[in-house]
file entry_30.txt (compact mmCIF, C-alpha atoms)
# COMPACT_ATOMS: atom_id res chain seq x y z
CA MET G 7 14.33 33.72 9.17
CA SER G 8 13.83 30.58 7.10
CA THR G 9 10.74 29.70 5.11
CA ALA G 10 10.45 26.48 7.09
CA TYR G 11 10.27 28.46 10.33
CA LEU G 12 7.62 30.80 8.93
CA ILE G 13 5.53 27.84 7.79
CA GLN G 14 5.92 26.23 11.21
CA PHE G 15 4.87 29.48 12.88
CA ALA G 16 1.85 29.86 10.62
CA VAL G 17 0.75 26.28 11.31
CA SER G 18 1.20 26.86 15.06
CA ALA G 19 -0.86 30.07 14.85
CA THR G 20 -3.63 28.18 13.06
CA ALA G 21 -3.53 25.49 15.73
CA VAL G 22 -3.78 28.18 18.43
CA ALA G 23 -6.87 29.61 16.72
CA LEU G 24 -8.37 26.11 16.56
CA MET G 25 -7.71 25.47 20.25
CA ILE G 26 -9.25 28.82 21.23
CA GLY G 27 -12.30 27.90 19.17
CA VAL G 28 -12.55 24.53 20.90
CA ALA G 29 -12.21 26.26 24.29
CA ALA G 30 -15.05 28.65 23.35
CA TRP G 31 -17.20 25.67 22.40
CA GLY G 32 -16.18 23.75 25.52
CA THR G 33 -17.20 26.55 27.84
CA ARG G 34 -20.33 27.67 25.97
CA GLY G 35 -23.33 28.14 28.23
CA ARG G 36 -21.21 28.06 31.35
CA ALA G 37 -21.20 31.73 32.30
CA PRO G 38 -20.15 32.31 35.89
CA ARG G 39 -22.89 33.01 38.41
CA PRO G 40 -23.30 36.66 39.41
CA LEU G 41 -21.96 37.48 42.85
CA ASP G 42 -24.29 37.44 45.81
CA GLN G 43 -23.48 38.68 49.31
CA ASP G 44 -22.23 35.29 50.52
CA ARG G 45 -19.98 34.65 47.55
CA ALA G 46 -18.66 38.20 47.56
CA ARG G 47 -17.79 37.93 51.25
CA ARG G 48 -16.10 34.57 50.70
CA TRP G 49 -14.02 35.97 47.83
CA LEU G 50 -13.10 39.02 49.90
CA ALA G 51 -12.16 36.85 52.86
CA ASP G 52 -9.89 34.79 50.60
CA GLU G 53 -8.34 37.84 48.97
CA PHE G 54 -7.97 39.94 52.11
CA PRO G 55 -7.79 37.50 55.00
CA GLY G 56 -8.22 39.06 58.40
CA ARG G 57 -9.58 42.32 57.04
CA PRO G 58 -12.93 43.24 58.65
CA LEU G 59 -15.75 44.05 56.25
CA ASP G 60 -17.79 47.04 57.47
CA ALA G 61 -20.14 46.81 54.50
CA VAL G 62 -20.23 45.16 51.08
CA TRP G 63 -21.98 46.61 48.03
CA LEU G 64 -22.64 44.34 45.07
CA ALA G 65 -22.51 45.60 41.53
CA SER G 66 -26.03 45.55 40.08
CA ASP G 67 -25.03 42.97 37.46
CA GLY G 68 -23.16 40.82 39.99
CA GLN G 69 -19.88 41.39 38.17
CA GLY G 70 -18.06 42.80 41.16
CA ALA G 71 -18.31 44.30 44.58
CA VAL G 72 -16.84 47.00 46.76
CA ALA G 73 -16.32 46.56 50.48
CA LYS G 74 -15.47 49.17 53.07
CA SER G 75 -12.83 48.01 55.49
CA GLY G 76 -11.86 50.85 57.78
CA ASP G 77 -10.13 53.45 55.65
CA SER G 78 -9.79 51.04 52.73
CA ALA G 79 -11.97 50.01 49.84
CA LEU G 80 -11.64 46.36 48.85
CA VAL G 81 -12.57 46.12 45.19
CA LEU G 82 -13.56 42.92 43.37
CA SER G 83 -14.10 42.99 39.64
CA ALA G 84 -14.91 40.10 37.34
CA MET G 85 -12.02 38.69 35.35
CA GLY G 86 -13.23 35.89 33.13
CA ASP G 87 -14.83 33.43 35.52
CA GLY G 88 -12.72 34.70 38.41
CA TYR G 89 -12.08 38.06 40.01
CA ALA G 90 -9.31 40.59 40.36
CA ALA G 91 -9.06 42.18 43.77
CA ARG G 92 -7.31 45.31 44.95
CA ALA G 93 -7.31 47.40 48.11
CA ILE G 94 -7.21 51.18 47.72
CA ALA G 95 -7.94 54.13 49.96
CA TRP G 96 -11.66 54.48 50.63
CA ASP G 97 -11.65 58.16 49.71
CA GLN G 98 -10.17 57.29 46.35
CA ALA G 99 -12.92 54.76 45.67
CA ALA G 100 -15.70 56.97 47.01
CA GLY G 101 -14.55 59.84 44.80
CA ALA G 102 -14.36 57.73 41.63
CA THR G 103 -16.05 58.92 38.46
CA PHE G 104 -19.68 57.79 38.16
CA LYS G 105 -21.34 57.99 34.78
CA ASP G 106 -24.15 56.15 32.99
CA GLY G 107 -24.68 53.77 35.88
CA HIS G 108 -21.05 52.73 36.10
CA VAL G 109 -18.33 53.73 38.51
CA GLN G 110 -14.75 53.69 37.24
CA ILE G 111 -12.55 52.98 40.23
CA PRO G 112 -8.89 53.69 39.53
CA LEU G 113 -6.73 50.82 40.79
CA ARG G 114 -3.51 52.37 39.51
CA TYR G 115 -1.77 49.16 38.56
CA VAL G 116 -0.46 48.28 35.11
CA ALA G 117 -2.23 44.95 34.98
CA ALA G 118 -5.38 46.15 36.73
CA PRO G 119 -5.71 49.82 35.80
CA LYS G 120 -9.34 50.27 36.81
CA ALA G 121 -12.48 48.46 37.86
CA VAL G 122 -15.66 49.40 36.03
CA LEU G 123 -18.67 48.35 38.09
CA ALA G 124 -22.40 48.88 37.62
CA PHE G 125 -24.18 50.63 40.47
CA ALA G 126 -27.45 52.51 40.73
CA ALA G 127 -25.62 55.31 42.52
CA TRP G 128 -22.09 56.04 43.68
CA PRO G 129 -20.88 56.48 46.36
CA PRO G 130 -23.36 54.21 48.15
CA ARG G 131 -26.35 56.25 49.26
CA GLU G 132 -26.04 55.36 52.94
CA LEU G 133 -22.50 56.76 52.98
CA ALA G 134 -23.18 59.73 50.79
CA ALA G 135 -25.88 60.96 53.14
CA MET T 13 24.91 14.34 15.68
CA LYS T 14 22.05 16.42 14.36
CA ALA T 15 20.51 18.51 17.16
CA ILE T 16 16.85 17.82 17.77
CA ASP T 17 14.34 20.09 19.47
CA PRO T 18 12.07 18.07 21.78
CA VAL T 19 9.64 21.00 22.14
CA THR T 20 9.08 21.25 18.37
CA LEU T 21 8.66 17.50 18.14
CA ALA T 22 6.14 17.54 20.98
CA THR T 23 4.04 20.42 19.61
CA PRO T 24 1.45 18.17 17.87
CA PHE T 25 1.09 16.29 21.17
CA PHE T 26 0.50 19.61 22.97
CA ILE T 27 -2.24 20.58 20.53
CA LEU T 28 -4.01 17.22 20.61
CA THR T 29 -3.95 16.93 24.39
CA VAL T 30 -5.24 20.48 24.98
CA ILE T 31 -8.16 19.74 22.66
CA LEU T 32 -8.71 16.37 24.32
CA GLU T 33 -8.71 17.91 27.79
CA ILE T 34 -11.30 20.52 26.77
CA VAL T 35 -13.54 17.99 25.01
CA LEU T 36 -13.42 15.44 27.82
CA ALA T 37 -14.07 18.16 30.40
CA ARG T 38 -17.05 19.36 28.34
CA PHE T 39 -18.54 15.88 28.53
CA GLY T 40 -17.72 15.56 32.23
CA LYS T 41 -15.17 12.80 31.71
CA LEU T 42 -12.37 14.56 33.54
CA GLU T 43 -11.75 17.55 35.77
CA ALA T 44 -10.55 20.63 33.92
CA ARG T 45 -11.66 24.24 34.01
CA TYR T 46 -11.20 26.42 30.92
CA GLU T 47 -12.19 30.01 30.19
CA THR T 48 -12.00 31.23 26.61
CA LYS T 49 -10.14 34.52 27.08
CA ASP T 50 -7.78 32.97 29.57
CA THR T 51 -7.02 30.14 27.15
CA ALA T 52 -6.51 32.62 24.32
CA VAL T 53 -3.98 34.56 26.39
CA SER T 54 -2.13 31.40 27.44
CA LEU T 55 -1.86 30.00 23.94
CA THR T 56 -0.94 33.31 22.32
CA MET T 57 1.70 33.88 24.99
CA GLY T 58 3.15 30.49 24.07
CA LEU T 59 3.08 31.18 20.35
CA VAL T 60 4.80 34.56 20.62
CA SER T 61 7.22 33.22 23.21
CA SER T 62 8.59 30.75 20.67
CA ALA T 63 9.37 33.65 18.34
CA ALA T 64 10.67 35.93 21.10
CA GLY T 65 13.05 33.20 22.19
CA LEU T 66 14.76 33.40 18.80
CA LEU T 67 15.88 36.96 19.55
CA THR T 68 18.29 35.81 22.23
CA ALA T 69 18.78 32.17 21.22
CA GLY T 70 21.72 33.06 19.00
CA ALA T 71 23.49 35.01 21.73
CA SER T 72 22.93 32.37 24.38
CA PHE T 73 24.06 29.55 22.10
CA ALA T 74 27.13 31.54 21.02
CA ALA T 75 28.00 32.12 24.69
CA ALA T 76 27.64 28.41 25.39
CA MET T 77 29.84 27.55 22.40
CA TRP T 78 32.51 29.99 23.55
CA ILE T 79 32.48 28.56 27.07
CA TYR T 80 32.59 25.04 25.63
CA GLN T 81 35.80 25.89 23.83
CA HIS T 82 37.31 26.44 27.29
CA ARG T 83 35.77 23.30 28.79
CA LEU T 84 37.35 21.36 31.63
CA PHE T 85 36.51 17.91 30.24
CA THR T 86 35.31 16.49 26.96
CA ILE T 87 32.07 14.63 27.58
CA PRO T 88 30.85 12.40 24.73
CA MET T 89 27.30 13.01 23.59
CA THR T 90 26.96 9.32 22.73
CA ALA T 91 27.60 7.91 26.22
CA VAL T 92 24.68 6.80 28.38
CA TRP T 93 26.42 7.94 31.56
CA ALA T 94 26.78 11.40 30.04
CA TRP T 95 23.03 11.63 29.47
CA VAL T 96 22.31 10.46 33.02
CA LEU T 97 24.69 13.10 34.33
CA VAL T 98 23.35 15.92 32.17
CA PHE T 99 19.81 14.94 33.18
CA LEU T 100 20.69 15.35 36.86
CA LEU T 101 22.77 18.51 36.48
CA GLU T 102 20.32 20.19 34.11
CA ASP T 103 17.46 19.43 36.49
CA LEU T 104 19.43 20.86 39.42
CA THR T 105 20.15 23.97 37.34
CA TYR T 106 16.46 24.25 36.50
CA TYR T 107 15.58 24.08 40.19
CA TRP T 108 17.80 27.10 40.98
CA PHE T 109 16.72 28.97 37.86
CA HIS T 110 13.10 28.48 38.90
CA ARG T 111 13.76 29.42 42.49
CA ILE T 112 15.52 32.66 41.61
CA SER T 113 12.71 33.37 39.13
CA HIS T 114 10.29 33.39 42.06
CA GLU T 115 12.38 34.90 44.79
CA ARG T 116 13.98 37.92 43.04
CA ARG T 117 11.82 40.51 41.31
CA PHE T 118 14.02 41.03 38.24
CA TRP T 119 13.58 37.43 37.18
CA TRP T 120 10.04 37.22 38.52
CA ALA T 121 9.18 40.01 36.07
CA ALA T 122 9.93 37.55 33.28
CA HIS T 123 8.43 34.48 34.92
CA VAL T 124 5.26 36.00 36.40
CA ASN T 125 3.42 35.53 33.09
CA HIS T 126 3.46 31.79 33.51
CA HIS T 127 1.62 32.15 36.82
CA SER T 128 -0.88 34.81 35.81
CA SER T 129 -3.75 32.50 34.90
CA GLN T 130 -6.44 31.80 37.48
CA HIS T 131 -6.79 28.41 35.81
CA TYR T 132 -4.66 25.33 35.89
CA ASN T 133 -4.95 23.26 32.76
CA LEU T 134 -2.75 22.12 29.89
CA SER T 135 -3.04 25.51 28.17
CA THR T 136 -1.50 27.11 31.26
CA ALA T 137 1.69 25.16 30.56
CA LEU T 138 2.00 27.01 27.26
CA ARG T 139 1.63 30.47 28.88
CA GLN T 140 5.34 31.21 28.52
CA THR T 141 7.39 34.33 28.98
CA TRP T 142 8.40 36.70 26.20
CA THR T 143 11.25 38.22 28.18
CA GLY T 144 13.08 35.24 29.63
CA GLY T 145 15.96 35.61 27.18
CA VAL T 146 16.39 39.28 28.03
CA ALA T 147 16.35 38.45 31.75
CA GLY T 148 19.46 36.39 31.07
CA THR T 149 18.64 33.31 33.11
CA TRP T 150 20.07 31.18 30.29
CA ALA T 151 23.48 32.05 31.77
CA LEU T 152 22.73 29.65 34.63
CA TRP T 153 23.19 26.76 32.19
CA LEU T 154 26.63 27.91 30.99
CA PRO T 155 28.55 26.02 33.71
CA LEU T 156 27.34 22.78 32.11
CA SER T 157 29.22 23.73 28.95
CA LEU T 158 32.24 24.70 31.03
CA ILE T 159 32.22 21.24 32.60
CA GLY T 160 32.25 19.82 29.09
CA PHE T 161 28.71 18.94 28.05
CA PRO T 162 28.22 19.91 24.39
CA PRO T 163 25.80 22.89 24.14
CA ALA T 164 23.54 20.87 21.84
CA MET T 165 23.28 18.18 24.51
CA VAL T 166 22.34 20.74 27.14
CA ALA T 167 19.77 22.27 24.78
CA ILE T 168 18.20 18.88 24.13
CA GLN T 169 18.01 18.11 27.84
CA LYS T 170 16.43 21.53 28.50
CA GLY T 171 13.85 20.70 25.84
CA ILE T 172 13.14 17.30 27.40
CA SER T 173 12.60 19.01 30.74
CA LEU T 174 10.16 21.52 29.21
CA VAL T 175 8.20 18.75 27.52
CA TYR T 176 8.07 16.80 30.78
CA GLN T 177 6.71 19.83 32.58
CA TYR T 178 3.87 20.23 30.10
CA TRP T 179 1.73 17.28 31.18
CA ILE T 180 1.85 18.11 34.88
CA HIS T 181 -0.27 21.24 34.30
CA THR T 182 -3.56 19.50 34.84
CA GLU T 183 -6.24 18.93 37.45
CA ALA T 184 -7.33 15.77 35.67
CA ILE T 185 -4.69 13.64 37.42
CA ARG T 186 -5.05 13.73 41.19
CA ARG T 187 -2.29 11.59 42.75
CA LEU T 188 0.15 9.11 41.21
CA PRO T 189 1.53 6.07 43.07
CA ALA T 190 3.56 7.06 46.13
CA PRO T 191 7.00 6.09 44.76
CA ILE T 192 6.42 8.38 41.76
CA GLU T 193 5.17 11.24 43.95
CA ALA T 194 8.25 10.78 46.12
CA VAL T 195 10.76 11.21 43.31
CA PHE T 196 9.17 13.05 40.41
CA ASN T 197 7.44 16.37 39.93
CA THR T 198 3.79 15.46 39.38
CA PRO T 199 0.51 17.26 38.68
CA SER T 200 -0.19 17.29 42.42
CA HIS T 201 3.18 18.83 43.32
CA HIS T 202 2.97 21.37 40.53
CA ARG T 203 -0.57 22.42 41.44
CA VAL T 204 0.89 23.49 44.76
CA HIS T 205 3.53 25.47 42.90
CA HIS T 206 0.86 27.37 40.95
CA ALA T 207 -1.33 27.98 44.00
CA ARG T 208 -1.54 31.36 45.68
CA ASN T 209 -2.69 30.12 49.07
CA PRO T 210 -0.11 31.50 51.54
CA ARG T 211 0.74 27.99 52.70
CA TYR T 212 1.66 27.00 49.15
CA LEU T 213 3.57 30.12 48.04
CA ASP T 214 7.15 29.65 46.80
CA ARG T 215 7.12 25.89 47.00
CA ASN T 216 7.90 23.00 44.63
CA TYR T 217 10.32 24.60 42.18
CA ALA T 218 11.28 21.26 40.63
CA GLY T 219 11.51 20.59 36.93
CA ILE T 220 11.48 16.80 36.69
CA LEU T 221 12.76 15.55 40.06
CA ILE T 222 10.92 16.76 43.17
CA VAL T 223 13.86 15.49 45.23
CA TRP T 224 15.55 18.90 44.88
CA ASP T 225 12.71 20.55 46.79
CA ARG T 226 12.87 17.87 49.46
CA LEU T 227 16.63 18.39 49.67
CA PHE T 228 16.58 22.20 49.80
CA GLY T 229 13.55 22.55 52.08
CA THR T 230 11.04 23.97 49.61
CA PHE T 231 8.74 20.96 49.31
CA GLN T 232 5.06 21.19 50.17
CA ALA T 233 2.60 18.37 49.58
CA GLU T 234 -0.85 19.13 48.23
CA LEU T 235 -3.30 18.86 51.11
CA ASP T 236 -6.84 17.56 50.70
CA GLU T 237 -8.08 20.06 53.26
CA GLU T 238 -6.72 23.05 51.36
CA ALA T 239 -7.70 23.25 47.71
CA CYS T 240 -5.32 25.16 45.48
CA ARG T 241 -6.42 28.63 44.37
CA TYR T 242 -4.47 29.53 41.26
CA GLY T 243 -2.91 32.68 39.93
CA LEU T 244 -1.07 35.56 41.51
CA VAL T 245 -1.29 36.94 45.02
CA ARG T 246 -3.05 39.89 43.35
CA ASN T 247 -4.57 38.65 40.12
CA LEU T 248 -4.49 40.55 36.88
CA GLY T 249 -7.52 42.66 35.98
CA THR T 250 -7.01 42.55 32.23
CA PHE T 251 -6.69 40.12 29.35
CA ASN T 252 -4.67 42.67 27.35
CA ILE T 253 -1.78 40.46 26.31
CA VAL T 254 0.78 43.27 26.19
CA ARG T 255 -0.07 44.24 29.76
CA VAL T 256 0.06 40.57 30.75
CA ALA T 257 3.51 40.20 29.19
CA PHE T 258 5.13 43.36 30.51
CA HIS T 259 3.20 44.46 33.61
CA GLU T 260 5.81 43.53 36.19
CA TRP T 261 8.65 45.10 34.17
CA ILE T 262 6.64 48.32 33.90
CA ALA T 263 5.67 48.28 37.58
CA MET T 264 9.31 47.72 38.54
CA ALA T 265 10.46 50.61 36.33
CA GLN T 266 7.78 52.85 37.85
CA ASP T 267 8.98 51.99 41.35
CA VAL T 268 12.62 52.68 40.43
CA VAL T 269 11.77 56.03 38.82
CA ARG T 270 9.74 57.03 41.86
CA GLN T 271 12.41 55.99 44.37
CA PRO T 272 15.76 55.55 42.58
CA ARG T 273 17.71 55.35 45.82
CA HIS T 274 15.96 52.04 46.51
CA LEU T 275 16.87 50.66 43.09
CA LEU T 276 18.56 47.52 44.41
CA GLY T 277 15.61 46.63 46.59
CA TRP T 278 13.03 47.33 43.90
CA VAL T 279 14.91 45.29 41.30
CA PHE T 280 16.58 42.51 43.24
CA GLY T 281 14.44 42.28 46.35
CA PRO T 282 11.80 39.60 46.59
CA PRO T 283 8.56 40.25 44.69
CA GLY T 284 6.36 42.46 46.84
CA TRP T 285 9.32 44.11 48.56
CA SER T 286 8.96 47.81 49.38
CA PRO T 287 11.16 50.13 51.45
CA ASP T 288 8.45 50.66 54.08
CA GLY T 289 7.22 47.06 54.09
CA SER T 290 3.75 48.15 53.07
CA ARG T 291 3.47 45.60 50.28
CA ASP T 292 3.10 41.85 50.55
CA THR T 293 6.02 39.49 50.04
CA SER T 294 5.53 35.74 50.18
CA ALA T 295 7.35 35.65 53.50
CA LYS T 296 5.01 38.29 54.95
CA LEU T 297 1.90 36.52 53.67
CA LYS T 298 3.12 33.22 55.08
CA ALA T 299 3.91 34.80 58.45
CA GLU T 300 0.44 36.37 58.61
CA TRP T 301 -1.11 33.05 57.70
CA VAL T 302 0.84 31.26 60.43
CA ALA T 303 -0.25 33.92 62.94
CA ARG T 304 -3.88 33.49 61.90
CA GLN T 305 -3.60 29.72 62.33
CA ALA T 306 -2.10 30.16 65.78
CA ALA T 307 -4.76 32.63 66.90
CA THR T 308 -7.55 31.34 69.12
CA PRO T 309 -11.13 31.60 67.82
CA ALA T 310 -11.72 34.53 70.22
CA GLU T 311 -8.65 36.34 68.89
CA ARG T 312 -9.78 35.73 65.30
CA GLU T 313 -13.20 37.14 66.17
CA ALA T 314 -11.61 40.21 67.73
CA ALA T 315 -9.40 40.74 64.66
call {"tool": "encode", "arguments": {"input": "entry_30.txt", "output": "structure tokens"}}
result
Amino acid sequence: MSTAYLIQFAVSATAVALMIGVAAWGTRGRAPRPLDQDRARRWLADEFPGRPLDAVWLASDGQGAVAKSGDSALVLSAMGDGYAARAIAWDQAAGATFKDGHVQIPLRYVAAPKAVLAFAAWPPRELAA
Amino acid sequence: MKAIDPVTLATPFFILTVILEIVLARFGKLEARYETKDTAVSLTMGLVSSAAGLLTAGASFAAAMWIYQHRLFTIPMTAVWAWVLVFLLEDLTYYWFHRISHERRFWWAAHVNHHSSQHYNLSTALRQTWTGGVAGTWALWLPLSLIGFPPAMVAIQKGISLVYQYWIHTEAIRRLPAPIEAVFNTPSHHRVHHARNPRYLDRNYAGILIVWDRLFGTFQAELDEEACRYGLVRNLGTFNIVRVAFHEWIAMAQDVVRQPRHLLGWVFGPPGWSPDGSRDTSAKLKAEWVARQAATPAEREAA
């Protein structure tokens, strides 16, 4: 590998760092709004069109939501200013580990291994009863 | 003739225009949506991609040189007609490379990275694969050397195509004049390509000329009534760059290990293929979308 290439790579890496810095400045103070019921339902309808929503529970910090749709759990978790969505078996979601006010729902996918969502209790009290 | 690399030459332009797009968006002068972690992943993917490409560049260029030694014709690199011809043939090759990269999982595993951002801005253009060389799609360009185009000429034209495709990754340009939209790949056409709305899936594979999509039936215009939603059918839930780069390869390997007798389907089927049809392919998502559109309001309510 030539010295010229290494210099070019180093300059490119510096430029990348600069651009990331500019992006951080450019988006400063523009944190995404927490989810509310309407937005969560709209996202879920876009992600899982045609799937009925029996109930939707919002994470307490608005950074995600879990919906029950028949035997499935539709999970939304914040990803930057967007969301990642996955459908898993409801029993799997309901039985997820709950600790320190956060439920860790296993999504079992390489690029979305788990969703960590803040809830006061898990599973939702009305279903646990 | 000394070979030039259009991508290297254009790199300062890439840097300046990304910064310009962010700054102008910050001051509300144009439409662009950035997110810091997403931008960091895109730009780092691009940086590492340039180094990863070196791993297979030697082999691919050597293969092209070997083929060229057995060429059918000798095409001069200095003739204008030769450049017109290589422009058209390279762009046609790109169309099929891009189409196979979307429609067969093995090549999608390499290309999926480019589509994994939920944003569509100039930094998205630089979110390039690390595994394209290993996936071997460079072999699709070898017939050009067999015809008789010098490998350096093909490489330059490939670079020109990549540079062209950079500027179309933007929401800042809505529509260009109709004659341009009719012939060339534009920001509007390419937004459709990056959209995950069922209607827009697997459309607009063009590199420079959109005419290939019109010719082969894969063209879809951007519709005012349906805004593009970007990213993957199922978006990533991590900014871990190693997972971003390799997730589809790993998922494919996991599927093959779990069901080796379905190896061909898992590897060369369309993305989302599964033996029992339980996963979503583009075709399935489109069919479901069409069915939903055809359903009456009462049927939709009942569903």
call {"tool": "closest_atom_pairs", "arguments": {"input": "entry_30.txt", "of": "chain T", "to": "chain G", "cutoff": "9 Å", "atoms": "all atoms listed in the file", "output": "tab-separated table"}}
result
residue	atom	partner	partner_atom	distance
T:Thr23	CA	G:Ser18	CA	8.4
T:Ile27	CA	G:Ala21	CA	7.0
T:Val30	CA	G:Met25	CA	7.3
T:Ile31	CA	G:Met25	CA	6.2
T:Ile34	CA	G:Gly32	CA	6.0
T:Val35	CA	G:Gly32	CA	6.4
T:Ala37	CA	G:Gly32	CA	7.7
T:Arg38	CA	G:Gly32	CA	5.3
T:Phe39	CA	G:Gly32	CA	8.8
T:Arg45	CA	G:Thr33	CA	8.6
T:Tyr46	CA	G:Ala29	CA	6.7
T:Glu47	CA	G:Thr33	CA	6.5
T:Thr48	CA	G:Ala30	CA	5.2
T:Lys49	CA	G:Gly86	CA	6.9
T:Asp50	CA	G:Gly86	CA	7.1
T:Thr51	CA	G:Ile26	CA	6.5
T:Ala52	CA	G:Ile26	CA	5.6
T:Leu55	CA	G:Val22	CA	6.1
T:Thr56	CA	G:Val22	CA	7.0
T:Leu59	CA	G:Ala19	CA	6.9
T:Ser62	CA	G:Phe15	CA	8.7
T:Ala63	CA	G:Phe15	CA	8.2
T:Gln130	CA	G:Gly88	CA	7.0
T:Asn209	CA	G:Asp52	CA	8.7
T:Val245	CA	G:Glu53	CA	8.1
T:Arg246	CA	G:Ala91	CA	6.4
T:Asn247	CA	G:Ala90	CA	5.1
T:Leu248	CA	G:Ala117	CA	5.3
T:Gly249	CA	G:Ala118	CA	4.2
T:Thr250	CA	G:Ala118	CA	6.0
T:Phe251	CA	G:Met85	CA	8.2
T:Asn252	CA	G:Ala117	CA	8.3
T:Arg255	CA	G:Ala117	CA	5.7
T:Val256	CA	G:Ala117	CA	6.5
T:Phe258	CA	G:Val116	CA	8.8
T:His259	CA	G:Val116	CA	5.5
T:Glu260	CA	G:Val116	CA	7.9
T:Ile262	CA	G:Val116	CA	7.2
T:Ala263	CA	G:Val116	CA	6.6
T:Trp301	CA	G:Pro55	CA	8.5
T:Arg304	CA	G:Gly56	CA	7.9
T:Arg312	CA	G:Gly56	CA	7.8
T:Ala315	CA	G:Gly56	CA	6.6
call {"tool": "atom_distance", "arguments": {"input": "entry_30.txt", "atom1": "atom CA of Asp225 of chain T", "atom2": "atom CA of Tyr80 of chain T"}}
result
29.4 Å
call {"tool": "atom_distance", "arguments": {"input": "entry_30.txt", "atom1": "atom CA of Arg208 of chain T", "atom2": "atom CA of Asp44 of chain G"}}
result
21.6 Å
call {"tool": "residues_around", "arguments": {"input": "entry_30.txt", "residues": "Val62 of chain G", "least_positions_apart": "5", "cutoff": "12 Å", "atoms": "all atoms listed in the file", "output": "NGL selection string"}}
result
:G and (41-51 or 70-75 or 79-82 or 130 or 132-133)
call {"tool": "atom_distance", "arguments": {"input": "entry_30.txt", "atom1": "atom CA of Ala207 of chain T", "atom2": "atom CA of Tyr242 of chain T"}}
result
4.4 Å
call {"tool": "residues_around", "arguments": {"input": "entry_30.txt", "residues": "Leu123 of chain G", "least_positions_apart": "5", "cutoff": "12 Å", "atoms": "only C-alpha atoms", "output": "PDB file with C-alpha atoms, in the coordinates of the input"}}
result
ATOM      1  CA  TRP G  63     -21.980  46.610  48.030  1.00  0.00           C
ATOM      2  CA  LEU G  64     -22.640  44.340  45.070  1.00  0.00           C
ATOM      3  CA  ALA G  65     -22.510  45.600  41.530  1.00  0.00           C
ATOM      4  CA  SER G  66     -26.030  45.550  40.080  1.00  0.00           C
ATOM      5  CA  ASP G  67     -25.030  42.970  37.460  1.00  0.00           C
ATOM      6  CA  GLY G  68     -23.160  40.820  39.990  1.00  0.00           C
ATOM      7  CA  GLN G  69     -19.880  41.390  38.170  1.00  0.00           C
ATOM      8  CA  GLY G  70     -18.060  42.800  41.160  1.00  0.00           C
ATOM      9  CA  ALA G  71     -18.310  44.300  44.580  1.00  0.00           C
ATOM     10  CA  VAL G  72     -16.840  47.000  46.760  1.00  0.00           C
ATOM     11  CA  VAL G  81     -12.570  46.120  45.190  1.00  0.00           C
ATOM     12  CA  LEU G  82     -13.560  42.920  43.370  1.00  0.00           C
ATOM     13  CA  SER G  83     -14.100  42.990  39.640  1.00  0.00           C
ATOM     14  CA  ALA G  84     -14.910  40.100  37.340  1.00  0.00           C
ATOM     15  CA  ALA G  99     -12.920  54.760  45.670  1.00  0.00           C
ATOM     16  CA  ALA G 102     -14.360  57.730  41.630  1.00  0.00           C
ATOM     17  CA  THR G 103     -16.050  58.920  38.460  1.00  0.00           C
ATOM     18  CA  PHE G 104     -19.680  57.790  38.160  1.00  0.00           C
ATOM     19  CA  LYS G 105     -21.340  57.990  34.780  1.00  0.00           C
ATOM     20  CA  ASP G 106     -24.150  56.150  32.990  1.00  0.00           C
ATOM     21  CA  GLY G 107     -24.680  53.770  35.880  1.00  0.00           C
ATOM     22  CA  HIS G 108     -21.050  52.730  36.100  1.00  0.00           C
ATOM     23  CA  VAL G 109     -18.330  53.730  38.510  1.00  0.00           C
ATOM     24  CA  GLN G 110     -14.750  53.690  37.240  1.00  0.00           C
ATOM     25  CA  ILE G 111     -12.550  52.980  40.230  1.00  0.00           C
ATOM     26  CA  PRO G 112      -8.890  53.690  39.530  1.00  0.00           C
ATOM     27  CA  TRP G 128     -22.090  56.040  43.680  1.00  0.00           C
ATOM     28  CA  PRO G 129     -20.880  56.480  46.360  1.00  0.00           C
TER      29      PRO G 129
END
call {"tool": "residues_around", "arguments": {"input": "entry_30.txt", "residues": "Leu156 of chain T", "least_positions_apart": "5", "cutoff": "12 Å", "atoms": "all atoms listed in the file", "output": "JSON, numbers by chain"}}
result
{"T": [75, 76, 77, 79, 80, 82, 83, 84, 85, 86, 87, 94, 97, 98, 99, 100, 101, 102, 103, 104, 105, 106, 150, 151, 161, 162, 163, 164, 165, 166, 167, 169, 170]}
call {"tool": "decode", "arguments": {"input": "entry_30.txt", "residues": "segment 24-29 of chain G", "atoms": "N, CA and C atoms", "output": "tab-separated table (two decimals), in the first residue's frame"}}
result
chain	number	residue	atom	x	y	z
G	24	LEU	N	-15.06	15.59	10.04
G	24	LEU	CA	-15.56	16.96	9.90
G	24	LEU	C	-17.04	16.96	9.51
G	25	MET	N	-17.38	16.12	8.55
G	25	MET	CA	-18.78	16.08	8.09
G	25	MET	C	-19.72	15.58	9.18
G	26	ILE	N	-19.24	14.61	9.97
G	26	ILE	CA	-20.08	14.12	11.09
G	26	ILE	C	-20.29	15.25	12.10
G	27	GLY	N	-19.23	16.00	12.34
G	27	GLY	CA	-19.33	17.15	13.26
G	27	GLY	C	-20.33	18.18	12.74
G	28	VAL	N	-20.27	18.45	11.45
G	28	VAL	CA	-21.21	19.42	10.86
G	28	VAL	C	-22.64	18.89	10.97
G	29	ALA	N	-22.79	17.58	10.75
G	29	ALA	CA	-24.14	16.98	10.86
G	29	ALA	C	-24.65	17.10	12.29
